[in-house]
>>> print(open('upload-v9.cif').read())   # mmCIF, C-alpha atoms
data_query
#
loop_
_atom_site.label_atom_id
_atom_site.label_comp_id
_atom_site.auth_asym_id
_atom_site.auth_seq_id
_atom_site.Cartn_x
_atom_site.Cartn_y
_atom_site.Cartn_z
CA MET A 1384 68.94 112.67 108.77
CA THR A 1385 68.16 109.12 109.83
CA ASP A 1386 67.82 107.47 113.24
CA THR A 1387 70.34 104.72 112.44
CA PRO A 1388 73.86 105.90 113.19
CA ILE A 1389 76.13 105.96 110.17
CA ILE A 1390 79.10 105.21 112.44
CA ALA A 1391 78.87 103.11 115.59
CA VAL A 1392 81.86 102.52 117.83
CA THR A 1393 81.55 100.08 120.73
CA ASP A 1394 84.08 99.75 123.52
CA LEU A 1395 86.99 100.48 121.17
CA VAL A 1396 90.42 99.86 122.64
CA LYS A 1397 93.68 100.53 120.87
CA GLN A 1398 96.98 99.71 122.47
CA PHE A 1399 100.45 100.52 121.19
CA GLY A 1400 102.56 98.16 123.24
CA ARG A 1401 101.72 99.00 126.84
CA PHE A 1402 100.26 102.39 125.98
CA ALA A 1403 96.50 102.52 125.50
CA ALA A 1404 95.65 105.28 123.03
CA LEU A 1405 91.93 104.44 123.14
CA ARG A 1406 90.43 103.05 126.35
CA GLY A 1407 86.97 101.78 125.58
CA VAL A 1408 85.48 104.41 123.30
CA SER A 1409 81.78 103.98 122.59
CA ALA A 1410 79.96 106.47 120.43
CA SER A 1411 77.56 106.79 117.56
CA PHE A 1412 77.49 109.40 114.84
CA ASP A 1413 74.43 110.26 112.76
CA ALA A 1414 74.34 110.84 109.04
CA GLY A 1415 74.45 114.35 107.63
CA ARG A 1416 76.03 115.96 110.67
CA LEU A 1417 79.33 117.65 111.37
CA TYR A 1418 81.19 116.58 114.48
CA ALA A 1419 84.20 118.37 115.91
CA ILE A 1420 86.46 116.07 117.93
CA LEU A 1421 88.42 118.00 120.49
CA GLY A 1422 90.98 117.27 123.15
CA ASP A 1423 94.56 117.79 124.21
CA ASN A 1424 97.50 116.19 122.49
CA GLY A 1425 97.54 112.47 123.23
CA ALA A 1426 93.81 112.35 123.96
CA GLY A 1427 93.31 109.73 121.22
CA LYS A 1428 91.61 111.88 118.56
CA THR A 1429 93.89 110.92 115.69
CA THR A 1430 93.94 107.26 116.72
CA LEU A 1431 90.13 107.24 116.73
CA LEU A 1432 90.06 108.79 113.26
CA ARG A 1433 92.67 106.34 111.94
CA ALA A 1434 90.68 103.45 113.38
CA LEU A 1435 87.55 104.74 111.63
CA ALA A 1436 89.52 105.05 108.39
CA GLY A 1437 90.61 101.42 108.72
CA LEU A 1438 94.27 102.36 109.06
CA THR A 1439 94.70 101.21 112.64
CA PRO A 1440 93.11 97.91 113.60
CA ALA A 1441 91.47 97.96 117.00
CA THR A 1442 92.95 95.89 119.81
CA ARG A 1443 89.44 95.27 121.16
CA GLY A 1444 85.91 96.43 120.54
CA SER A 1445 83.96 96.91 117.35
CA LEU A 1446 83.45 99.53 114.75
CA ALA A 1447 80.60 99.67 112.23
CA MET A 1448 80.32 102.09 109.36
CA LEU A 1449 77.42 102.33 106.91
CA GLY A 1450 75.99 99.20 108.51
CA THR A 1451 79.01 96.94 108.18
CA THR A 1452 81.97 96.07 110.36
CA ASN A 1453 84.08 95.24 107.30
CA LEU A 1454 85.53 98.67 106.61
CA ARG A 1455 87.17 97.54 103.35
CA GLU A 1456 83.67 97.05 101.95
CA VAL A 1457 82.77 100.69 102.44
CA CYS A 1458 86.13 102.44 102.07
CA GLY A 1459 85.04 103.71 98.66
CA GLN A 1460 82.37 105.79 100.41
CA MET A 1461 84.76 107.39 102.84
CA GLY A 1462 87.20 110.28 102.45
CA TYR A 1463 90.19 110.69 104.73
CA MET A 1464 92.41 113.70 105.19
CA ALA A 1465 95.38 113.24 107.50
CA HIS A 1466 97.69 115.73 109.16
CA PRO A 1467 100.38 115.08 106.50
CA SER A 1468 99.20 115.88 102.99
CA LEU A 1469 99.07 112.29 101.62
CA LEU A 1470 100.24 113.76 98.33
CA TYR A 1471 103.35 113.42 96.17
CA ASP A 1472 105.41 116.60 96.46
CA GLU A 1473 106.94 116.15 92.99
CA MET A 1474 103.60 116.19 91.14
CA SER A 1475 101.13 119.01 90.57
CA GLY A 1476 97.77 119.08 92.31
CA LEU A 1477 95.94 117.86 89.21
CA GLU A 1478 98.48 115.07 88.56
CA ASN A 1479 98.10 113.91 92.15
CA LEU A 1480 94.31 113.93 91.96
CA ARG A 1481 94.30 112.16 88.59
CA TYR A 1482 96.31 109.34 90.14
CA PHE A 1483 94.16 109.03 93.25
CA ALA A 1484 91.01 109.20 91.11
CA ARG A 1485 92.14 106.04 89.29
CA LEU A 1486 92.31 104.24 92.65
CA TYR A 1487 88.58 104.88 93.01
CA GLY A 1488 87.87 103.90 89.42
CA ILE A 1489 87.27 107.52 88.40
CA ARG A 1490 88.62 108.17 84.91
CA ASP A 1491 87.05 111.58 84.45
CA ASP A 1492 89.52 114.48 84.57
CA ALA A 1493 86.59 116.89 84.85
CA ARG A 1494 85.84 115.45 88.31
CA CYS A 1495 89.42 116.15 89.44
CA GLU A 1496 89.25 119.70 88.12
CA ALA A 1497 85.86 120.24 89.78
CA VAL A 1498 87.05 119.21 93.25
CA ILE A 1499 90.15 121.39 92.90
CA ARG A 1500 87.91 124.34 92.04
CA SER A 1501 85.62 123.48 94.94
CA VAL A 1502 88.48 124.16 97.37
CA ASN A 1503 89.26 127.46 95.62
CA LEU A 1504 92.38 126.32 93.81
CA ASP A 1505 93.24 126.56 90.14
CA PRO A 1506 93.41 123.14 88.43
CA SER A 1507 95.78 124.50 85.78
CA LEU A 1508 98.43 125.28 88.39
CA ALA A 1509 101.49 123.39 87.11
CA ARG A 1510 103.65 123.86 90.22
CA PRO A 1511 104.47 120.67 92.12
CA VAL A 1512 102.62 120.32 95.42
CA GLY A 1513 105.96 120.55 97.25
CA GLN A 1514 106.08 124.21 96.26
CA TYR A 1515 102.55 124.99 97.49
CA SER A 1516 102.00 127.12 100.58
CA GLN A 1517 100.76 125.24 103.65
CA GLY A 1518 97.24 126.59 103.12
CA MET A 1519 97.20 125.40 99.51
CA ARG A 1520 98.50 121.98 100.56
CA GLN A 1521 95.70 121.65 103.08
CA ARG A 1522 93.13 122.58 100.45
CA ILE A 1523 94.47 120.21 97.80
CA SER A 1524 94.60 117.53 100.48
CA LEU A 1525 90.93 118.19 101.22
CA ALA A 1526 90.23 118.00 97.48
CA ARG A 1527 91.84 114.54 97.42
CA ALA A 1528 89.57 113.41 100.25
CA LEU A 1529 86.54 114.68 98.31
CA LEU A 1530 87.45 113.04 95.00
CA ASN A 1531 85.19 110.01 95.39
CA ASP A 1532 82.23 112.09 96.63
CA PRO A 1533 82.28 110.23 99.97
CA LYS A 1534 79.34 109.87 102.34
CA ILE A 1535 81.69 110.10 105.32
CA LEU A 1536 84.57 112.55 105.62
CA LEU A 1537 87.26 112.06 108.26
CA LEU A 1538 89.47 115.12 108.60
CA ASP A 1539 92.51 115.32 110.86
CA GLU A 1540 93.61 118.87 111.64
CA PRO A 1541 92.41 120.44 108.38
CA PHE A 1542 93.03 123.97 109.69
CA SER A 1543 96.53 123.50 111.06
CA ASN A 1544 99.08 126.02 109.73
CA VAL A 1545 96.38 127.68 107.65
CA ASP A 1546 95.78 131.44 107.89
CA VAL A 1547 92.54 132.51 109.56
CA ARG A 1548 90.83 133.58 106.33
CA SER A 1549 91.58 130.33 104.53
CA ALA A 1550 90.58 128.35 107.62
CA ARG A 1551 87.22 130.16 107.75
CA GLU A 1552 86.71 129.45 104.06
CA MET A 1553 87.45 125.78 104.68
CA ALA A 1554 85.01 125.71 107.60
CA GLY A 1555 82.38 127.27 105.32
CA LEU A 1556 83.06 124.61 102.71
CA LEU A 1557 82.66 121.88 105.34
CA ALA A 1558 79.30 123.36 106.35
CA LYS A 1559 78.21 123.26 102.71
CA LEU A 1560 79.30 119.64 102.39
CA ARG A 1561 77.40 118.76 105.56
CA ASP A 1562 74.32 120.53 104.20
CA GLY A 1563 74.76 118.38 101.10
CA GLY A 1564 74.27 115.28 103.28
CA LYS A 1565 77.81 114.24 104.16
CA THR A 1566 78.78 113.11 107.64
CA ILE A 1567 81.93 114.90 108.70
CA LEU A 1568 84.24 114.20 111.64
CA VAL A 1569 86.85 116.88 112.17
CA VAL A 1570 89.72 116.49 114.60
CA THR A 1571 90.95 119.96 115.47
CA HIS A 1572 92.62 122.13 118.04
CA GLN A 1573 90.92 125.20 116.55
CA ALA A 1574 87.38 124.47 117.61
CA GLY A 1575 86.48 128.16 117.49
CA LEU A 1576 86.50 127.94 113.71
CA LEU A 1577 83.69 125.42 113.84
CA ARG A 1578 81.52 127.47 116.20
CA GLY A 1579 78.12 127.75 114.58
CA VAL A 1580 79.19 125.18 111.97
CA ALA A 1581 79.60 121.93 113.91
CA ASP A 1582 76.46 120.13 115.06
CA GLU A 1583 78.21 118.57 118.01
CA PHE A 1584 81.49 118.89 119.86
CA VAL A 1585 82.98 115.60 121.07
CA TRP A 1586 85.53 115.99 123.84
CA MET A 1587 88.22 113.38 124.36
CA GLU A 1588 90.61 112.92 127.24
CA ALA A 1589 93.12 110.13 127.90
CA GLY A 1590 91.66 107.81 125.27
CA ARG A 1591 88.02 108.28 126.25
CA ILE A 1592 85.12 110.43 125.13
CA VAL A 1593 84.35 112.49 128.21
CA LYS A 1594 81.70 114.88 126.96
CA ARG A 1595 79.50 115.65 123.97
CA THR A 1596 78.00 119.12 123.67
CA ARG A 1597 75.85 120.94 121.14
CA ASP A 1598 77.68 124.21 121.69
CA TRP A 1599 81.32 124.98 121.88
CA GLU A 1600 82.37 125.44 125.49
CA PRO A 1601 85.82 126.93 125.44
CA THR A 1602 88.13 125.65 128.13
CA GLU A 1603 91.39 127.17 129.30
CA ALA A 1604 93.24 125.05 126.81
CA MET A 1605 91.18 126.36 123.91
CA MET B 946 90.56 97.53 81.17
CA SER B 947 90.00 95.62 84.41
CA ARG B 948 90.19 97.39 87.75
CA THR B 949 93.46 95.69 88.67
CA ALA B 950 95.08 96.52 85.34
CA GLY B 951 93.85 100.13 85.49
CA VAL B 952 95.24 100.77 88.98
CA THR B 953 98.49 98.92 88.18
CA ARG B 954 99.00 101.02 85.06
CA ALA B 955 98.18 104.29 86.85
CA THR B 956 100.59 103.45 89.69
CA LEU B 957 103.35 102.42 87.28
CA VAL B 958 102.97 105.61 85.23
CA LYS B 959 103.03 107.64 88.45
CA ASP B 960 106.22 105.90 89.65
CA LEU B 961 107.96 106.34 86.31
CA ARG B 962 106.99 110.01 86.29
CA LEU B 963 108.32 110.52 89.84
CA GLU B 964 111.57 108.74 89.00
CA TRP B 965 111.96 110.72 85.77
CA ARG B 966 111.64 113.94 87.77
CA SER B 967 113.80 113.00 90.76
CA LYS B 968 116.15 110.35 89.27
CA ASP B 969 116.76 109.25 92.87
CA ALA B 970 116.87 105.50 92.25
CA ILE B 971 118.62 105.40 88.90
CA ASN B 972 121.38 107.84 89.91
CA SER B 973 122.23 106.07 93.15
CA MET B 974 122.13 102.64 91.47
CA LEU B 975 124.36 103.76 88.61
CA PHE B 976 126.87 105.39 90.92
CA PHE B 977 127.04 102.29 93.12
CA ALA B 978 127.36 99.83 90.21
CA LEU B 979 130.00 101.99 88.55
CA LEU B 980 132.04 101.98 91.75
CA VAL B 981 131.82 98.19 91.95
CA VAL B 982 132.99 97.75 88.32
CA VAL B 983 135.93 100.11 88.76
CA ILE B 984 137.02 98.79 92.16
CA PHE B 985 136.82 95.15 91.05
CA SER B 986 138.74 95.89 87.87
CA PHE B 987 141.53 97.49 89.91
CA SER B 988 141.49 94.71 92.50
CA PHE B 989 141.80 91.82 90.03
CA ASP B 990 143.70 91.54 86.82
CA PRO B 991 142.19 88.41 85.30
CA THR B 992 142.96 86.88 81.95
CA ALA B 993 140.10 86.62 79.42
CA GLU B 994 139.54 83.00 80.43
CA GLU B 995 139.44 83.83 84.15
CA SER B 996 137.12 86.77 83.45
CA ARG B 997 134.60 84.50 81.80
CA ARG B 998 134.60 82.28 84.89
CA ILE B 999 134.19 85.03 87.50
CA ALA B 1000 132.14 87.59 85.54
CA GLY B 1001 128.81 85.92 86.33
CA GLY B 1002 129.38 86.34 90.05
CA LEU B 1003 130.76 89.88 89.77
CA VAL B 1004 127.98 91.13 87.53
CA TRP B 1005 125.09 89.71 89.56
CA VAL B 1006 126.49 90.69 92.95
CA ALA B 1007 126.96 94.23 91.65
CA PHE B 1008 123.40 94.31 90.30
CA LEU B 1009 121.99 92.80 93.50
CA PHE B 1010 123.62 95.43 95.71
CA ALA B 1011 122.68 98.23 93.33
CA ALA B 1012 119.07 96.97 93.14
CA VAL B 1013 118.76 97.20 96.93
CA VAL B 1014 119.33 100.95 96.63
CA ALA B 1015 116.43 101.27 94.17
CA LEU B 1016 114.20 98.98 96.20
CA ASN B 1017 114.58 101.13 99.30
CA GLN B 1018 113.78 104.25 97.25
CA THR B 1019 110.57 102.72 95.91
CA TRP B 1020 108.85 102.67 99.25
CA ALA B 1021 110.62 105.65 100.80
CA ARG B 1022 108.68 107.74 98.29
CA GLU B 1023 105.41 106.34 99.65
CA LEU B 1024 106.37 107.16 103.23
CA ARG B 1025 106.95 110.87 102.60
CA ASN B 1026 103.74 112.70 103.54
CA GLN B 1027 102.34 109.25 104.46
CA VAL B 1028 101.05 108.85 100.89
CA LEU B 1029 100.77 105.12 101.38
CA ASP B 1030 97.84 105.76 103.75
CA ALA B 1031 95.94 107.36 100.85
CA TYR B 1032 96.31 104.07 98.97
CA ARG B 1033 95.38 102.02 102.03
CA VAL B 1034 92.09 103.87 102.57
CA SER B 1035 91.13 103.53 98.91
CA PRO B 1036 89.32 100.48 97.48
CA ALA B 1037 92.23 99.83 95.09
CA PRO B 1038 93.50 96.23 95.25
CA ALA B 1039 96.75 95.72 97.16
CA HIS B 1040 98.28 93.50 94.48
CA SER B 1041 97.95 96.29 91.90
CA LEU B 1042 100.29 98.43 93.97
CA PHE B 1043 102.69 95.54 94.35
CA LEU B 1044 102.72 94.61 90.65
CA ALA B 1045 103.22 98.23 89.62
CA LYS B 1046 106.16 98.56 92.00
CA VAL B 1047 107.69 95.30 90.75
CA VAL B 1048 107.35 96.30 87.10
CA GLY B 1049 108.73 99.77 87.88
CA ASN B 1050 111.73 98.32 89.69
CA PHE B 1051 112.22 95.81 86.89
CA ILE B 1052 112.44 98.70 84.43
CA PHE B 1053 114.87 100.67 86.63
CA VAL B 1054 117.18 97.69 87.22
CA SER B 1055 116.99 96.69 83.53
CA VAL B 1056 118.05 100.21 82.53
CA LEU B 1057 120.95 99.92 84.96
CA GLU B 1058 121.95 96.55 83.49
CA ALA B 1059 121.73 97.89 79.94
CA LEU B 1060 124.00 100.78 80.86
CA MET B 1061 126.48 98.78 82.94
CA THR B 1062 126.86 95.67 80.78
CA PRO B 1063 129.02 97.41 78.11
CA LEU B 1064 131.31 98.60 80.92
CA PHE B 1065 131.66 95.05 82.27
CA VAL B 1066 132.43 93.82 78.77
CA VAL B 1067 135.14 96.45 78.30
CA PHE B 1068 136.71 96.28 81.76
CA TYR B 1069 136.79 92.47 81.85
CA ASN B 1070 137.32 91.83 78.16
CA LEU B 1071 134.27 89.55 78.01
CA ARG B 1072 133.06 87.53 75.04
CA ALA B 1073 130.48 84.78 75.25
CA ILE B 1074 131.52 81.40 73.90
CA GLY B 1075 128.10 79.83 74.51
CA PRO B 1076 124.76 81.05 73.00
CA ALA B 1077 124.82 84.79 73.89
CA TYR B 1078 121.07 85.31 73.34
CA GLN B 1079 120.47 83.20 76.47
CA LEU B 1080 122.09 85.98 78.50
CA LEU B 1081 119.01 88.09 77.75
CA VAL B 1082 116.73 85.36 79.15
CA VAL B 1083 118.92 85.01 82.25
CA ALA B 1084 118.98 88.79 82.70
CA ALA B 1085 115.19 89.07 82.44
CA LEU B 1086 114.43 86.14 84.75
CA GLY B 1087 117.20 87.05 87.19
CA THR B 1088 116.19 90.68 87.40
CA TRP B 1089 112.57 89.68 87.99
CA ALA B 1090 113.67 87.35 90.81
CA LEU B 1091 115.60 90.19 92.46
CA VAL B 1092 112.89 92.81 92.19
CA VAL B 1093 109.88 90.66 93.07
CA ASN B 1094 111.39 89.56 96.38
CA GLY B 1095 113.10 92.89 96.92
CA THR B 1096 109.88 94.85 96.47
CA PHE B 1097 108.05 92.52 98.84
CA PHE B 1098 110.68 92.58 101.58
CA ALA B 1099 111.24 96.32 101.21
CA ALA B 1100 107.52 96.75 101.90
CA MET B 1101 107.78 94.39 104.87
CA SER B 1102 110.65 96.34 106.37
CA LEU B 1103 108.89 99.69 105.80
CA ARG B 1104 107.71 100.08 109.34
CA THR B 1105 110.93 98.93 110.96
CA ARG B 1106 113.32 101.50 112.36
CA SER B 1107 116.39 100.53 110.34
CA ARG B 1108 114.77 99.47 107.11
CA GLU B 1109 117.90 100.06 105.00
CA ILE B 1110 119.60 97.30 106.99
CA MET B 1111 116.53 95.10 107.29
CA LEU B 1112 116.03 94.80 103.54
CA PRO B 1113 119.37 93.09 102.74
CA LEU B 1114 119.02 90.95 105.87
CA LEU B 1115 115.66 89.64 104.65
CA LEU B 1116 116.36 89.66 100.94
CA PHE B 1117 119.80 88.14 100.54
CA PRO B 1118 119.17 84.75 102.18
CA ILE B 1119 115.96 84.18 100.21
CA THR B 1120 117.64 85.23 96.97
CA ILE B 1121 120.50 82.72 97.28
CA PRO B 1122 118.89 80.01 95.04
CA ALA B 1123 118.10 82.60 92.36
CA LEU B 1124 121.53 84.20 92.66
CA LEU B 1125 123.18 80.80 92.31
CA ALA B 1126 121.11 80.10 89.20
CA MET B 1127 121.92 83.51 87.70
CA VAL B 1128 125.65 83.17 88.33
CA GLU B 1129 125.85 79.57 87.08
CA ALA B 1130 123.75 80.28 84.00
CA THR B 1131 125.80 83.37 83.13
CA SER B 1132 129.12 81.55 83.65
CA SER B 1133 127.90 78.60 81.54
CA ILE B 1134 126.98 80.89 78.67
CA LEU B 1135 130.21 82.90 78.88
CA THR B 1136 132.50 79.86 79.08
CA GLY B 1137 130.38 77.66 76.80
CA GLU B 1138 131.44 74.66 78.89
CA PHE B 1139 127.99 73.31 79.65
CA SER B 1140 124.32 74.07 78.99
CA ALA B 1141 122.57 76.80 81.00
CA LYS B 1142 119.13 75.32 80.44
CA PHE B 1143 118.82 73.72 83.88
CA TRP B 1144 119.63 77.02 85.62
CA ILE B 1145 117.27 78.97 83.37
CA VAL B 1146 114.42 76.58 84.16
CA LEU B 1147 115.26 76.83 87.87
CA LEU B 1148 115.13 80.63 87.63
CA ALA B 1149 111.77 80.49 85.83
CA VAL B 1150 110.31 78.20 88.50
CA TYR B 1151 111.71 80.42 91.26
CA ASP B 1152 110.09 83.46 89.62
CA VAL B 1153 106.70 81.81 89.33
CA VAL B 1154 106.71 80.51 92.91
CA PHE B 1155 107.88 83.74 94.52
CA THR B 1156 105.74 86.03 92.36
CA THR B 1157 102.65 84.03 93.30
CA GLY B 1158 103.57 83.99 96.99
CA CYS B 1159 104.38 87.70 97.14
CA VAL B 1160 101.19 88.70 95.31
CA LEU B 1161 99.10 86.54 97.65
CA PHE B 1162 100.66 87.84 100.86
CA PHE B 1163 101.13 91.48 99.92
CA GLU B 1164 97.69 92.54 101.17
CA ILE B 1165 98.66 91.40 104.68
CA VAL B 1166 101.90 93.36 104.44
CA LEU B 1167 100.18 96.50 103.15
CA HIS B 1168 97.38 96.59 105.69
CA GLY B 1169 99.35 95.13 108.60
CA GLU B 1170 100.54 97.31 111.44
#
>>> encode(input="upload-v9.cif", output="C-alpha cells")
Amino acid sequence: MTDTPIIAVTDLVKQFGRFAALRGVSASFDAGRLYAILGDNGAGKTTLLRALAGLTPATRGSLAMLGTTNLREVCGQMGYMAHPSLLYDEMSGLENLRYFARLYGIRDDARCEAVIRSVNLDPSLARPVGQYSQGMRQRISLARALLNDPKILLLDEPFSNVDVRSAREMAGLLAKLRDGGKTILVVTHQAGLLRGVADEFVWMEAGRIVKRTRDWEPTEAM
Amino acid sequence: MSRTAGVTRATLVKDLRLEWRSKDAINSMLFFALLVVVIFSFSFDPTAEESRRIAGGLVWVAFLFAAVVALNQTWARELRNQVLDAYRVSPAPAHSLFLAKVVGNFIFVSVLEALMTPLFVVFYNLRAIGPAYQLLVVAALGTWALVVNGTFFAAMSLRTRSREIMLPLLLFPITIPALLAMVEATSSILTGEFSAKFWIVLLAVYDVVFTTGCVLFFEIVLHGE
C-alpha cells in the first residue's frame, strides 16, 4: 500500500440536462484496497463508476487515475464490469474473451482460459453466452474485466441476480484479487456480502459521498 | 501485424461470425431488395432500351435502401448488453472499430449485390452495350461510398431515440453526389452512349475524401456522449 492515492476525484460534477447525478464528489482511493460503494438508487454510484471508467465525461471537476488525468492513457490498466454483461450473446465465453483480449493486445488463448477458470467456469463450454444462467453471465463478465490483469477494477453490481453461494464465491475472489495488489471499487446493493472483505464502505446520497466507514453499518434500507 | 490491423481484423472476424450465426443483416437486406425488384418490375413494363436508361437509378436506389437496413443492424448489435462500452474502455484505437465495421458492411452489401444483380438482369432484360467490366469498378466504389458514410452516420445516430429514422435523414443528403455518380456511371455503361470515366473518378475522389474524414472524426463519435 502506498500513501499516494491511486484514484483522486476532486469536486466532480456530472449533469444530465438539468439533473445533477454527481454534485461535487471529492474522494481519494488508495492502492491495494477494496472499496464498497453503497447508496440508494439514484445516489450517483453508477455515474461515479462510469466517470472513473472514462465512459461519462465530467461536467466539472477533475479525476486522476494512476497519476494522470488523461484516462485514455491508463485505460489498459483498468478493468470495468457493468451491470449489463458487455458480452455478445451469440458467442461462447471463450470466443468473447478471445475477441476482447485482442483489444488489449493479448494474443494468448491460455490467458483467456486462465481467467475463465479463475471465475470457476469451464473454458471449453461451447454454449453461447446468451444461454448462460445469470450467475454464469456475471462470472464471465468478471472474467472479461480481469483479462488485462488490471491494477484497478471497477465493478458495477457484480452480485445482482446471483445466488448467495455464487455471490459469496465472487466476494472471496475479489478479496483474493485485492490481496494480490489490485484496487477494487464495487458498487453494490448487497453490502452484506462484502462484510469482512471490503476495506472501506463509501456511502453515497443524492450525488454526494456522505460517509466513509471501515465497518459495514447496516441501515434500514440494507 | 500492427495494433490497428490486429484489432481491425479481430473485430471484422467477430462481426462476420455474428452475422453468419444470426443472418440478421443479410436476410433483411435480401428481403427488402427482392421486394423492390419485384414491385418495380410489376409497376413498369419498360422496353430493353428504356430498361438500360432507368436501371442505374433503380438498382442503386434499391441497394441504398437495403444497405440502410444492414447499417442499422451493425451498431444495434453493439448496443445489446452495452458491448460498445467494453470497446470504449479498452485501449483499442477507435478507427480500428470503424474500419472493421466498414469492411464488414462492404462485404454484406457486396454479397447482396452479387445475389440481386442476376435478378435485375432477368427482370429488366439488361445487357451492357458499354464496357461491362467497368460495372465492377462502379459497384466497388459505389458500395464503399454507401457503407463508409452509412457506418459513420449510423454510429452518430446510435444515441438518438429514433435512430432508424435518423440514419436515412443524415445519410441520404450526403450521399447524393455519390448516388448521382453511381447512377450516371451505370447508365453510361449500360447504354454505351458516353464514357463513365468522369463519374468513376468522381466516385473515387468522393470515397477518398469521405473515408479520410470519417476515420478522423470517428473517435469523437465513439467517445462522445
>>> closest_residue(input="upload-v9.cif", among="A:Pro1511, A:Gly1407, A:Gly1415, A:Pro1541", to="chain B", atoms="only C-alpha atoms")
A:Pro1511
>>> closest_atom_pairs(input="upload-v9.cif", of="chain A", to="chain B", cutoff="8 Å", atoms="all atoms listed in the file", output="tab-separated table")
residue	atom	partner	partner_atom	distance
A:Ala1436	CA	B:Val1034	CA	6.5
A:Gly1437	CA	B:Val1034	CA	6.8
A:Leu1438	CA	B:Val1034	CA	7.0
A:Thr1439	CA	B:Glu1170	CA	7.1
A:Pro1440	CA	B:Glu1170	CA	7.8
A:Arg1455	CA	B:Pro1036	CA	6.9
A:Glu1456	CA	B:Pro1036	CA	8.0
A:Cys1458	CA	B:Pro1036	CA	5.9
A:Gly1459	CA	B:Pro1036	CA	5.5
A:Tyr1463	CA	B:Val1034	CA	7.4
A:Pro1467	CA	B:Asn1026	CA	5.1
A:Ser1468	CA	B:Asn1026	CA	5.6
A:Leu1469	CA	B:Val1028	CA	4.0
A:Leu1470	CA	B:Val1028	CA	5.6
A:Tyr1471	CA	B:Val1028	CA	7.0
A:Glu1473	CA	B:Leu963	CA	6.6
A:Met1474	CA	B:Leu963	CA	7.5
A:Tyr1482	CA	B:Ala955	CA	6.3
A:Phe1483	CA	B:Tyr1032	CA	7.9
A:Arg1485	CA	B:Val952	CA	6.1
A:Leu1486	CA	B:Ala1037	CA	5.0
A:Tyr1487	CA	B:Pro1036	CA	6.3
A:Gly1488	CA	B:Arg948	CA	7.1
>>> write_last_selection(input="upload-v9.cif", atoms="C-alpha atoms", output="mmCIF file, in the coordinates of the input")
data_model
loop_
_atom_site.group_PDB
_atom_site.id
_atom_site.type_symbol
_atom_site.label_atom_id
_atom_site.label_comp_id
_atom_site.auth_asym_id
_atom_site.auth_seq_id
_atom_site.Cartn_x
_atom_site.Cartn_y
_atom_site.Cartn_z
ATOM 1 C CA ALA A 1436 89.520 105.050 108.390
ATOM 2 C CA GLY A 1437 90.610 101.420 108.720
ATOM 3 C CA LEU A 1438 94.270 102.360 109.060
ATOM 4 C CA THR A 1439 94.700 101.210 112.640
ATOM 5 C CA PRO A 1440 93.110 97.910 113.600
ATOM 6 C CA ARG A 1455 87.170 97.540 103.350
ATOM 7 C CA GLU A 1456 83.670 97.050 101.950
ATOM 8 C CA CYS A 1458 86.130 102.440 102.070
ATOM 9 C CA GLY A 1459 85.040 103.710 98.660
ATOM 10 C CA TYR A 1463 90.190 110.690 104.730
ATOM 11 C CA PRO A 1467 100.380 115.080 106.500
ATOM 12 C CA SER A 1468 99.200 115.880 102.990
ATOM 13 C CA LEU A 1469 99.070 112.290 101.620
ATOM 14 C CA LEU A 1470 100.240 113.760 98.330
ATOM 15 C CA TYR A 1471 103.350 113.420 96.170
ATOM 16 C CA GLU A 1473 106.940 116.150 92.990
ATOM 17 C CA MET A 1474 103.600 116.190 91.140
ATOM 18 C CA TYR A 1482 96.310 109.340 90.140
ATOM 19 C CA PHE A 1483 94.160 109.030 93.250
ATOM 20 C CA ARG A 1485 92.140 106.040 89.290
ATOM 21 C CA LEU A 1486 92.310 104.240 92.650
ATOM 22 C CA TYR A 1487 88.580 104.880 93.010
ATOM 23 C CA GLY A 1488 87.870 103.900 89.420
#
>>> resolve_selection(input="upload-v9.cif", expression="the PyMOL selection byres ((chain B and resi 1071) around 8)", output="PyMOL selection string")
chain B and resi 993+996-997+1065-1067+1069-1070+1072-1073+1135
>>> residues_around(input="upload-v9.cif", residues="B:Leu1124", least_positions_apart="3", cutoff="9 Å", atoms="all atoms listed in the file", output="PyMOL selection string")
chain B and resi 1002+1005-1006+1009+1087+1090-1091+1117+1120-1121+1127-1129+1148
>>> write_last_selection(input="upload-v9.cif", atoms="C-alpha atoms", output="CSV table (one decimal), in the coordinates of the input")
chain,number,residue,atom,x,y,z
B,1002,GLY,CA,129.4,86.3,90.0
B,1005,TRP,CA,125.1,89.7,89.6
B,1006,VAL,CA,126.5,90.7,93.0
B,1009,LEU,CA,122.0,92.8,93.5
B,1087,GLY,CA,117.2,87.0,87.2
B,1090,ALA,CA,113.7,87.4,90.8
B,1091,LEU,CA,115.6,90.2,92.5
B,1117,PHE,CA,119.8,88.1,100.5
B,1120,THR,CA,117.6,85.2,97.0
B,1121,ILE,CA,120.5,82.7,97.3
B,1127,MET,CA,121.9,83.5,87.7
B,1128,VAL,CA,125.6,83.2,88.3
B,1129,GLU,CA,125.8,79.6,87.1
B,1148,LEU,CA,115.1,80.6,87.6
>>> resolve_selection(input="upload-v9.cif", expression="the PyMOL selection byres ((chain B and resi 1159) around 10)", output="MDAnalysis selection string")
chainID B and resid 1040 1043:1044 1093:1094 1096:1098 1154:1158 1160:1164 1166
>>> atom_distance(input="upload-v9.cif", atom1="atom CA of B:Gly1049", atom2="atom CA of B:Arg1104")
21.5 Å
>>> resolve_selection(input="upload-v9.cif", expression="the PyMOL selection byres ((chain A and resi 1507) around 10)", output="VMD selection string")
chain A and resid 1475 to 1477 1496 1499 1504 to 1506 1508 to 1510
>>> atom_distance(input="upload-v9.cif", atom1="atom CA of B:Trp1089", atom2="atom CA of B:Gly1137")
24.2 Å
>>> atom_distance(input="upload-v9.cif", atom1="atom CA of B:Val1013", atom2="atom CA of B:Phe976")
13.0 Å
